[in-house]
Structures are given as C-alpha cells and as structure tokens.
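Colleague: Input query-v3.pdb, format and content: PDB, C-alpha atoms.
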ATOM      1  CA  MET C   1      31.535   8.008 -75.978
ATOM      2  CA  GLY C   2      34.715   8.745 -73.966
ATOM      3  CA  ILE C   3      34.966   8.394 -70.212
ATOM      4  CA  LEU C   4      35.166  12.173 -69.720
ATOM      5  CA  GLU C   5      31.892  12.614 -71.557
ATOM      6  CA  ASN C   6      30.374   9.853 -69.400
ATOM      7  CA  TRP C   7      31.559  11.657 -66.251
ATOM      8  CA  ARG C   8      30.159  15.004 -67.342
ATOM      9  CA  LYS C   9      26.825  13.437 -68.274
ATOM     10  CA  LEU C  10      26.602  11.656 -64.928
ATOM     11  CA  ALA C  11      27.729  14.674 -62.909
ATOM     12  CA  TYR C  12      25.955  17.520 -64.665
ATOM     13  CA  GLU C  13      23.145  16.168 -66.829
ATOM     14  CA  THR C  14      21.675  13.275 -64.879
ATOM     15  CA  GLN C  15      18.433  14.187 -63.151
ATOM     16  CA  ARG C  16      18.374  13.107 -59.513
ATOM     17  CA  ASP C  17      16.123  14.126 -56.671
ATOM     18  CA  GLN C  18      17.675  16.432 -54.090
ATOM     19  CA  LYS C  19      18.568  13.644 -51.658
ATOM     20  CA  ASN C  20      20.318  11.529 -54.295
ATOM     21  CA  GLU C  21      22.069  14.619 -55.673
ATOM     22  CA  GLN C  22      23.472  15.343 -52.208
ATOM     23  CA  ILE C  23      24.543  11.729 -51.764
ATOM     24  CA  PHE C  24      26.244  11.691 -55.174
ATOM     25  CA  TRP C  25      28.259  14.852 -54.533
ATOM     26  CA  ALA C  26      29.066  13.985 -50.907
ATOM     27  CA  THR C  27      30.459  10.642 -52.094
ATOM     28  CA  TYR C  28      32.469  12.304 -54.849
ATOM     29  CA  PHE C  29      33.852  15.045 -52.574
ATOM     30  CA  ASN C  30      34.921  12.499 -49.933
ATOM     31  CA  LYS C  31      36.764  10.458 -52.553
ATOM     32  CA  GLU C  32      38.302  13.608 -54.002
ATOM     33  CA  LYS C  33      39.473  14.689 -50.540
ATOM     34  CA  SER C  34      41.019  11.279 -49.896
ATOM     35  CA  PHE C  35      42.762  11.420 -53.278
ATOM     36  CA  TYR C  36      44.315  14.830 -52.571
ATOM     37  CA  GLN C  37      45.345  13.829 -49.048
ATOM     38  CA  SER C  38      47.361  11.046 -50.622
ATOM     39  CA  LEU C  39      48.638  13.008 -53.642
ATOM     40  CA  LEU C  40      49.874  15.983 -51.611
ATOM     41  CA  THR C  41      52.021  13.788 -49.363
ATOM     42  CA  THR C  42      54.244  12.403 -52.118
ATOM     43  CA  ASP C  43      57.119  14.159 -53.873
ATOM     44  CA  GLU C  44      57.138  11.794 -56.826
ATOM     45  CA  VAL C  45      55.239  12.556 -60.021
ATOM     46  CA  VAL C  46      52.331  10.132 -60.157
ATOM     47  CA  THR C  47      51.729   8.501 -63.544
ATOM     48  CA  GLY C  48      49.708   5.589 -64.785
ATOM     49  CA  SER C  49      46.650   4.682 -66.775
ATOM     50  CA  VAL C  50      43.340   6.093 -65.607
ATOM     51  CA  LYS C  51      42.294   2.614 -64.489
ATOM     52  CA  GLU C  52      45.555   2.053 -62.569
ATOM     53  CA  LEU C  53      45.212   5.398 -60.772
ATOM     54  CA  ALA C  54      41.602   4.626 -59.867
ATOM     55  CA  GLU C  55      42.740   1.329 -58.326
ATOM     56  CA  LYS C  56      45.753   2.928 -56.607
ATOM     57  CA  TYR C  57      43.609   5.579 -54.898
ATOM     58  CA  GLY C  58      40.628   3.293 -54.254
ATOM     59  CA  VAL C  59      38.280   5.349 -56.404
ATOM     60  CA  GLU C  60      35.732   4.198 -58.973
ATOM     61  CA  LEU C  61      36.850   4.844 -62.550
ATOM     62  CA  ILE C  62      34.095   7.398 -63.133
ATOM     63  CA  PHE C  63      35.105   9.410 -60.037
ATOM     64  CA  MET C  64      38.782   9.224 -61.051
ATOM     65  CA  THR C  65      37.746  10.739 -64.372
ATOM     66  CA  GLY C  66      36.079  13.621 -62.517
ATOM     67  CA  ILE C  67      39.187  14.147 -60.387
ATOM     68  CA  LEU C  68      41.392  14.188 -63.503
ATOM     69  CA  ASP C  69      39.010  16.681 -65.103
ATOM     70  CA  GLY C  70      39.343  18.908 -62.048
ATOM     71  CA  ILE C  71      43.122  18.768 -61.676
ATOM     72  CA  ASN C  72      43.975  19.103 -65.373
ATOM     73  CA  ASP C  73      44.229  22.930 -65.342
ATOM     74  CA  SER C  74      46.779  22.710 -62.490
ATOM     75  CA  LEU C  75      49.157  20.340 -64.250
ATOM     76  CA  LYS C  76      52.481  21.467 -65.672
ATOM     77  CA  THR C  77      51.543  19.579 -68.852
ATOM     78  CA  PRO C  78      47.780  19.002 -69.190
ATOM     79  CA  ASN C  79      46.600  15.494 -69.971
ATOM     80  CA  PRO C  80      44.553  14.738 -73.121
ATOM     81  CA  ILE C  81      41.373  14.357 -71.075
ATOM     82  CA  ASP C  82      38.952  14.894 -73.969
ATOM     83  CA  ASP C  83      40.192  11.705 -75.671
ATOM     84  CA  MET C  84      40.906   9.819 -72.455
ATOM     85  CA  GLU C  85      40.003   6.158 -72.090
ATOM     86  CA  GLU C  86      40.618   3.658 -69.266
ATOM     87  CA  ASP C  87      44.037   2.721 -70.621
ATOM     88  CA  THR C  88      45.203   6.293 -71.334
ATOM     89  CA  VAL C  89      48.403   7.015 -69.416
ATOM     90  CA  VAL C  90      48.229  10.303 -67.526
ATOM     91  CA  SER C  91      50.689  12.255 -65.418
ATOM     92  CA  LEU C  92      49.805  14.203 -62.293
ATOM     93  CA  ASP C  93      52.814  16.535 -62.319
ATOM     94  CA  TYR C  94      51.007  19.475 -60.738
ATOM     95  CA  ASP C  95      52.040  23.038 -60.008
ATOM     96  CA  LYS C  96      51.304  23.331 -56.285
ATOM     97  CA  GLU C  97      50.545  27.070 -56.334
ATOM     98  CA  LYS C  98      48.310  26.756 -59.368
ATOM     99  CA  LEU C  99      46.518  23.782 -57.787
ATOM    100  CA  TYR C 100      45.955  25.716 -54.564
ATOM    101  CA  LYS C 101      44.537  28.710 -56.480
ATOM    102  CA  CYS C 102      42.252  26.442 -58.527
ATOM    103  CA  MET C 103      40.889  24.954 -55.312
ATOM    104  CA  VAL C 104      40.233  28.456 -53.985
ATOM    105  CA  GLU C 105      38.573  29.458 -57.267
ATOM    106  CA  CYS C 106      36.261  26.426 -57.068
ATOM    107  CA  LYS C 107      35.463  27.269 -53.440
ATOM    108  CA  ALA C 108      36.677  23.775 -52.483
ATOM    109  CA  GLN C 109      37.378  24.653 -48.859
ATOM    110  CA  TRP C 110      37.583  20.960 -47.932
ATOM    111  CA  LEU C 111      40.606  20.755 -50.263
ATOM    112  CA  TYR C 112      42.514  24.002 -49.853
ATOM    113  CA  GLU C 113      42.329  23.683 -46.060
ATOM    114  CA  LEU C 114      43.820  20.179 -45.983
ATOM    115  CA  PRO C 115      46.659  19.903 -43.428
ATOM    116  CA  GLU C 116      48.820  18.287 -46.139
ATOM    117  CA  TRP C 117      49.353  21.769 -47.612
ATOM    118  CA  ASP C 118      51.473  22.670 -44.547
ATOM    119  CA  ALA C 119      54.408  20.674 -45.932
ATOM    120  CA  LEU C 120      54.080  22.242 -49.402
ATOM    121  CA  LEU C 121      53.306  25.927 -48.846
ATOM    122  CA  THR C 122      53.811  28.195 -45.871
ATOM    123  CA  PRO C 123      50.699  29.668 -44.256
ATOM    124  CA  GLU C 124      51.830  33.109 -45.443
ATOM    125  CA  ARG C 125      52.177  31.932 -49.042
ATOM    126  CA  ARG C 126      48.780  30.240 -48.933
ATOM    127  CA  LYS C 127      47.267  33.473 -47.651
ATOM    128  CA  GLU C 128      48.917  35.392 -50.534
ATOM    129  CA  LEU C 129      47.678  32.868 -53.112
ATOM    130  CA  TYR C 130      44.183  32.997 -51.619
ATOM    131  CA  LYS C 131      44.149  36.805 -51.903
ATOM    132  CA  GLU C 132      45.560  36.739 -55.447
ATOM    133  CA  GLN C 133      42.839  34.334 -56.556
ATOM    134  CA  LYS C 134      40.028  36.279 -54.899
ATOM    135  CA  ILE C 135      41.253  39.580 -56.377
ATOM    136  CA  SER C 136      41.599  38.064 -59.853
ATOM    137  CA  THR C 137      37.889  37.217 -59.923
ATOM    138  CA  THR C 138      36.651  40.469 -58.402
ATOM    139  CA  ILE C 139      34.861  42.683 -60.898
ATOM    140  CA  VAL C 140      35.626  46.366 -60.464
ATOM    141  CA  LYS C 141      33.142  48.648 -62.151
ATOM    142  CA  PRO C 142      34.540  51.964 -63.316
ATOM    143  CA  LYS C 143      33.025  55.105 -61.843
ATOM    144  CA  LYS C 144      30.071  56.200 -63.907
ATOM    145  CA  VAL C 145      30.498  59.601 -65.518
ATOM    146  CA  GLY C 146      27.637  61.965 -64.715
ATOM    147  CA  ARG C 147      26.029  64.085 -67.428
ATOM    148  CA  ASN C 148      27.308  67.333 -65.920
ATOM    149  CA  ASP C 149      30.796  66.035 -65.030
ATOM    150  CA  PRO C 150      33.816  67.099 -67.071
ATOM    151  CA  CYS C 151      34.202  64.841 -70.078
ATOM    152  CA  PRO C 152      36.807  62.082 -69.521
ATOM    153  CA  CYS C 153      38.279  62.748 -72.974
ATOM    154  CA  GLY C 154      39.864  65.911 -71.569
ATOM    155  CA  SER C 155      38.105  68.460 -73.798
ATOM    156  CA  GLY C 156      37.046  70.600 -70.817
ATOM    157  CA  LYS C 157      33.400  70.433 -71.882
ATOM    158  CA  LYS C 158      30.612  68.862 -69.875
ATOM    159  CA  PHE C 159      30.164  65.200 -70.665
ATOM    160  CA  LYS C 160      26.607  65.754 -71.975
ATOM    161  CA  ASN C 161      27.885  68.297 -74.517
ATOM    162  CA  CYS C 162      30.840  66.215 -75.646
ATOM    163  CA  CYS C 163      31.252  62.450 -75.798
ATOM    164  CA  LEU C 164      27.816  61.545 -74.354
ATOM    165  CA  SER C 165      26.177  63.216 -77.317
ATOM    166  CA  LYS C 166      28.532  61.284 -79.642
ATOM    167  CA  ASN C 167      27.847  57.980 -77.760
ATOM    168  CA  ILE C 168      31.569  57.348 -77.316
ATOM    169  CA  TYR C 169      31.362  56.410 -73.615
TER     170      TYR C 169
END
Spit out the file's structure as structure tokens when you get a sec.
Modeller:
Amino acid sequence: MGILENWRKLAYETQRDQKNEQIFWATYFNKEKSFYQSLLTTDEVVTGSVKELAEKYGVELIFMTGILDGINDSLKTPNPIDDMEEDTVVSLDYDKEKLYKCMVECKAQWLYELPEWDALLTPERRKELYKEQKISTTIVKPKKVGRNDPCPCGSGKKFKNCCLSKNIY
C-alpha cells in the first residue's frame, strides 16, 4: 500500500470519536499552515524526496503526504502522488494564482488569509481570484418555463401545447 493510500485511510476512513477527530485535524491544519508560511516566502522551486521535505518542514511523513495531496492540483507539473513512496522525488513548483483559488475552493481560510500572500499577490488580485473561484462554483438554475408561457423554441405557441407535450424541455 502506497503512502498516499495510507494518508487517505488515516484521514478519511479511520473511525475516531469527535474529540480525537478534532485533535487530528487541528494538528494537521497547524502543520499545513506552518508549511505554507514557509513555502510562500521562498522564490526557489522546492524539490526533494517526500521524506526529505517532511524533515525540512518539520512535519511527520504522513502529514507531508496529505499536504502533497492537497497542493498537487496547484502545481505547474503535478507529481505522481498515486505511486508516491518515501523516496519519490517531488517538485513544488506551484502556480500562485491556482494555489490561492484552490485554497478558496477548499474554504481553507487559515491558508488563503496568510500574510505571506501579500508579497505574492496584491490585495486587489486576491479579491478578484476569490470572486472568480466563488462564481465558478455557483450553480445558476435557469428560469423555469411555465405551462402557459410562450414556448422557448420560438414557435409562438404556448409551452403546454408545444414542447411540453413533446417532453423536449
């Protein structure tokens, strides 16, 4: 079993009581926050084996796996996380705008409000990215056509006498 599978089992399938569940996630989120505080302050592309990165950022290997799982969609070139092992070399060459939007999508306020973003994106740009992400996940339902409304196909007939009776709409 790969380390990603171990992480997902631990994070999403392990049964814990409510208190231990809160402790687990609070610990993970604190380590994740610390990781991003460090990552966002460097201009260099961070690379290394999963184990080396865990040691570099002071994170347990299993939590580093979770962090890599979370950041993978924001990388310019995704890492092979499904086949990842301790000695797999990964690159954290992230797209800052994509990373910011992913954090917004995940509702990770503790990450997208980090002060380290100030050096990477202007407040105006962050506001634009936030809006873009929120709009992209908003579901807009089309206006429902009433039975006696004109048919949307343009025939000039009432909807009930046209496409409703044919079950087109």
Colleague: Would you kindly translate the PyMOL selection byres ((chain C and resi 93-105) around 10) into the concrete residues it picks from this file, as a PyMOL selection string?
Modeller: chain C and resi 39-40+43-47+70-79+90-92+106-113+117+120-121+125-126+128-134+136-137
Colleague: Report, as lines of an AutoDock Vina configuration file, the axis-aligned box around all atoms of stretch 77-86 of chain C present in the file, extended by 4 Å on each side; give centre and edge lengths in Å to one decimal place.
Modeller:
center_x = 45.2
center_y = 11.6
center_z = -72.3
size_x = 20.6
size_y = 23.9
size_z = 14.8
Colleague: Looking at all atoms listed in the file, which of C:Val50, C:Pro142, C:Leu114, C:Glu124 is the one that sits closest to C:Met84?
Modeller: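 Selected residue with least distance to C:Met84: C:Val50.
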Colleague: Give me, as a VMD selection string, all polymer residues having an atom no more than 12 Å from C:Arg8, counting only C-alpha atoms and skipping those fewer than 2 positions away in the same chain.
Modeller: chain C and resid 1 to 6 10 to 14 62 to 63 65 to 70 81 to 82
Colleague: Please report the interatomic distance between atom CA of C:Thr41 and atom CA of C:Glu116 in Å with one decimal.
Modeller: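 Straight-line distance from atom CA of C:Thr41 to atom CA of C:Glu116 works out to 6.4 Å.
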Colleague: May I ask for the distance between atom CA of C:Lys158 and atom CA of C:Ile139, given in Å to one decimal place?
Modeller: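 If I compute the distance from atom CA of C:Lys158 to atom CA of C:Ile139, I get 28.0 Å.
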Colleague: Taking into account all atoms listed in the file, which residue in the set C:Ala26, C:Val140, C:Leu61, C:Ala119 is nearest to C:Glu85?
Modeller: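 Answer, going by the shortest atom-to-atom distance: C:Leu61.
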Colleague: May I have the protein, DNA and RNA residues with any atom at most 10 Å from the point (29.3, 11.1, -57.0), counting all atoms listed in the file, written as a list of chain:residue names?
Modeller: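 With a cut-off of 10 Å, the residues come to C:Trp7, C:Leu10, C:Ala11, C:Asn20, C:Glu21, C:Gln22, C:Ile23, C:Phe24, C:Trp25, C:Ala26, C:Thr27, C:Tyr28, C:Phe29, C:Asn30, C:Lys31, C:Glu32, C:Glu60, C:Ile62, C:Phe63, C:Gly66.
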Colleague: For the residues in the current selection, export C-alpha atoms as an mmCIF file, keeping the file's coordinate frame.
Modeller:
data_model
loop_
_atom_site.group_PDB
_atom_site.id
_atom_site.type_symbol
_atom_site.label_atom_id
_atom_site.label_comp_id
_atom_site.auth_asym_id
_atom_site.auth_seq_id
_atom_site.Cartn_x
_atom_site.Cartn_y
_atom_site.Cartn_z
ATOM 1 C CA TRP C 7 31.559 11.657 -66.251
ATOM 2 C CA LEU C 10 26.602 11.656 -64.928
ATOM 3 C CA ALA C 11 27.729 14.674 -62.909
ATOM 4 C CA ASN C 20 20.318 11.529 -54.295
ATOM 5 C CA GLU C 21 22.069 14.619 -55.673
ATOM 6 C CA GLN C 22 23.472 15.343 -52.208
ATOM 7 C CA ILE C 23 24.543 11.729 -51.764
ATOM 8 C CA PHE C 24 26.244 11.691 -55.174
ATOM 9 C CA TRP C 25 28.259 14.852 -54.533
ATOM 10 C CA ALA C 26 29.066 13.985 -50.907
ATOM 11 C CA THR C 27 30.459 10.642 -52.094
ATOM 12 C CA TYR C 28 32.469 12.304 -54.849
ATOM 13 C CA PHE C 29 33.852 15.045 -52.574
ATOM 14 C CA ASN C 30 34.921 12.499 -49.933
ATOM 15 C CA LYS C 31 36.764 10.458 -52.553
ATOM 16 C CA GLU C 32 38.302 13.608 -54.002
ATOM 17 C CA GLU C 60 35.732 4.198 -58.973
ATOM 18 C CA ILE C 62 34.095 7.398 -63.133
ATOM 19 C CA PHE C 63 35.105 9.410 -60.037
ATOM 20 C CA GLY C 66 36.079 13.621 -62.517
#
Colleague: In Å, with one decimal, what is the gap from atom CA of C:Pro80 to atom CA of C:Gly48?
Modeller: 13.4 Å
Colleague: Counting only C-alpha atoms, which of C:Lys9, C:Asn148, C:Lys160, C:Tyr36 gets nearest to C:Met64?
Modeller: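 Closest candidate: C:Tyr36.
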Colleague: Hey, which of C:Lys19, C:Arg147, C:Lys127, C:Lys56 ends up closest to C:Leu164? Count all atoms listed in the file.
Modeller: C:Arg147
Colleague: Give the answer as one residue: which of C:Glu86, C:Cys162, C:Asp17, C:Gly154 has the shortest atom-to-atom distance to C:Glu55, using all atoms listed in the file?
Modeller: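 Nearest candidate to C:Glu55 out of C:Glu86, C:Cys162, C:Asp17, C:Gly154: C:Glu86.
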Colleague: Please, could all heavy atoms be added to stretch 6-17 of chain C and the result written as an mmCIF file, in the frame of the given file?
Modeller:
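The resulting file, part37.cif, is shown below:
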data_model
loop_
_atom_site.group_PDB
_atom_site.id
_atom_site.type_symbol
_atom_site.label_atom_id
_atom_site.label_comp_id
_atom_site.auth_asym_id
_atom_site.auth_seq_id
_atom_site.Cartn_x
_atom_site.Cartn_y
_atom_site.Cartn_z
ATOM 1 N N ASN C 6 31.220 10.620 -70.325
ATOM 2 C CA ASN C 6 30.374 9.853 -69.400
ATOM 3 C C ASN C 6 30.331 10.531 -68.027
ATOM 4 O O ASN C 6 29.276 10.630 -67.404
ATOM 5 C CB ASN C 6 30.893 8.422 -69.232
ATOM 6 C CG ASN C 6 30.638 7.566 -70.436
ATOM 7 O OD1 ASN C 6 29.773 7.864 -71.250
ATOM 8 N ND2 ASN C 6 31.404 6.500 -70.574
ATOM 9 N N TRP C 7 31.506 10.976 -67.551
ATOM 10 C CA TRP C 7 31.559 11.657 -66.251
ATOM 11 C C TRP C 7 30.709 12.922 -66.265
ATOM 12 O O TRP C 7 29.912 13.167 -65.370
ATOM 13 C CB TRP C 7 33.004 12.003 -65.873
ATOM 14 C CG TRP C 7 33.065 13.080 -64.830
ATOM 15 C CD1 TRP C 7 33.450 14.367 -65.014
ATOM 16 C CD2 TRP C 7 32.659 12.979 -63.459
ATOM 17 N NE1 TRP C 7 33.327 15.076 -63.842
ATOM 18 C CE2 TRP C 7 32.840 14.245 -62.872
ATOM 19 C CE3 TRP C 7 32.163 11.951 -62.674
ATOM 20 C CZ2 TRP C 7 32.556 14.508 -61.530
ATOM 21 C CZ3 TRP C 7 31.875 12.213 -61.336
ATOM 22 C CH2 TRP C 7 32.067 13.474 -60.787
ATOM 23 N N ARG C 8 30.881 13.727 -67.284
ATOM 24 C CA ARG C 8 30.159 15.004 -67.342
ATOM 25 C C ARG C 8 28.652 14.783 -67.456
ATOM 26 O O ARG C 8 27.878 15.536 -66.884
ATOM 27 C CB ARG C 8 30.694 15.865 -68.481
ATOM 28 C CG ARG C 8 32.090 16.379 -68.161
ATOM 29 C CD ARG C 8 32.663 17.263 -69.221
ATOM 30 N NE ARG C 8 33.953 17.804 -68.805
ATOM 31 C CZ ARG C 8 34.807 18.390 -69.619
ATOM 32 N NH1 ARG C 8 34.521 18.532 -70.895
ATOM 33 N NH2 ARG C 8 35.953 18.847 -69.159
ATOM 34 N N LYS C 9 28.257 13.764 -68.192
ATOM 35 C CA LYS C 9 26.825 13.437 -68.274
ATOM 36 C C LYS C 9 26.293 13.022 -66.903
ATOM 37 O O LYS C 9 25.243 13.491 -66.470
ATOM 38 C CB LYS C 9 26.598 12.308 -69.275
ATOM 39 C CG LYS C 9 26.114 12.777 -70.580
ATOM 40 C CD LYS C 9 25.681 11.593 -71.416
ATOM 41 C CE LYS C 9 25.002 12.088 -72.584
ATOM 42 N NZ LYS C 9 25.210 12.052 -73.827
ATOM 43 N N LEU C 10 27.024 12.133 -66.235
ATOM 44 C CA LEU C 10 26.602 11.656 -64.928
ATOM 45 C C LEU C 10 26.562 12.798 -63.916
ATOM 46 O O LEU C 10 25.612 12.940 -63.155
ATOM 47 C CB LEU C 10 27.559 10.557 -64.430
ATOM 48 C CG LEU C 10 27.308 10.053 -63.009
ATOM 49 C CD1 LEU C 10 25.975 9.307 -62.934
ATOM 50 C CD2 LEU C 10 28.442 9.159 -62.553
ATOM 51 N N ALA C 11 27.603 13.619 -63.919
ATOM 52 C CA ALA C 11 27.729 14.674 -62.909
ATOM 53 C C ALA C 11 26.797 15.853 -63.154
ATOM 54 O O ALA C 11 26.229 16.397 -62.206
ATOM 55 C CB ALA C 11 29.172 15.158 -62.854
ATOM 56 N N TYR C 12 26.646 16.254 -64.403
ATOM 57 C CA TYR C 12 25.955 17.520 -64.665
ATOM 58 C C TYR C 12 24.637 17.417 -65.422
ATOM 59 O O TYR C 12 23.870 18.368 -65.440
ATOM 60 C CB TYR C 12 26.897 18.464 -65.423
ATOM 61 C CG TYR C 12 28.218 18.625 -64.713
ATOM 62 C CD1 TYR C 12 29.397 18.163 -65.287
ATOM 63 C CD2 TYR C 12 28.297 19.204 -63.455
ATOM 64 C CE1 TYR C 12 30.620 18.295 -64.629
ATOM 65 C CE2 TYR C 12 29.503 19.336 -62.788
ATOM 66 C CZ TYR C 12 30.658 18.883 -63.383
ATOM 67 O OH TYR C 12 31.853 19.002 -62.733
ATOM 68 N N GLU C 13 24.365 16.273 -66.039
ATOM 69 C CA GLU C 13 23.145 16.168 -66.829
ATOM 70 C C GLU C 13 22.131 15.180 -66.272
ATOM 71 O O GLU C 13 20.963 15.240 -66.629
ATOM 72 C CB GLU C 13 23.489 15.789 -68.279
ATOM 73 C CG GLU C 13 24.291 16.855 -68.996
ATOM 74 C CD GLU C 13 24.731 16.427 -70.385
ATOM 75 O OE1 GLU C 13 24.162 15.468 -70.938
ATOM 76 O OE2 GLU C 13 25.663 17.061 -70.902
ATOM 77 N N THR C 14 22.581 14.274 -65.431
ATOM 78 C CA THR C 14 21.675 13.275 -64.879
ATOM 79 C C THR C 14 20.726 13.935 -63.890
ATOM 80 O O THR C 14 21.155 14.673 -63.009
ATOM 81 C CB THR C 14 22.464 12.147 -64.175
ATOM 82 O OG1 THR C 14 23.350 11.558 -65.123
ATOM 83 C CG2 THR C 14 21.541 11.094 -63.608
ATOM 84 N N GLN C 15 19.453 13.642 -64.053
ATOM 85 C CA GLN C 15 18.433 14.187 -63.151
ATOM 86 C C GLN C 15 18.292 13.276 -61.938
ATOM 87 O O GLN C 15 18.020 12.089 -62.082
ATOM 88 C CB GLN C 15 17.084 14.304 -63.885
ATOM 89 C CG GLN C 15 17.113 15.274 -65.046
ATOM 90 C CD GLN C 15 17.382 16.701 -64.612
ATOM 91 O OE1 GLN C 15 16.796 17.195 -63.663
ATOM 92 N NE2 GLN C 15 18.304 17.357 -65.299
ATOM 93 N N ARG C 16 18.533 13.843 -60.763
ATOM 94 C CA ARG C 16 18.374 13.107 -59.513
ATOM 95 C C ARG C 16 17.544 13.975 -58.580
ATOM 96 O O ARG C 16 17.586 15.196 -58.664
ATOM 97 C CB ARG C 16 19.739 12.846 -58.859
ATOM 98 C CG ARG C 16 20.638 11.905 -59.630
ATOM 99 C CD ARG C 16 21.971 11.725 -58.913
ATOM 100 N NE ARG C 16 22.885 12.806 -59.193
ATOM 101 C CZ ARG C 16 23.769 12.820 -60.192
ATOM 102 N NH1 ARG C 16 23.855 11.800 -61.002
ATOM 103 N NH2 ARG C 16 24.568 13.848 -60.382
ATOM 104 N N ASP C 17 16.826 13.325 -57.671
ATOM 105 C CA ASP C 17 16.123 14.126 -56.671
ATOM 106 C C ASP C 17 17.167 14.733 -55.737
ATOM 107 O O ASP C 17 18.338 14.357 -55.744
ATOM 108 C CB ASP C 17 15.077 13.300 -55.909
ATOM 109 C CG ASP C 17 15.667 12.117 -55.164
ATOM 110 O OD1 ASP C 17 16.723 12.267 -54.522
ATOM 111 O OD2 ASP C 17 15.068 11.025 -55.210
#
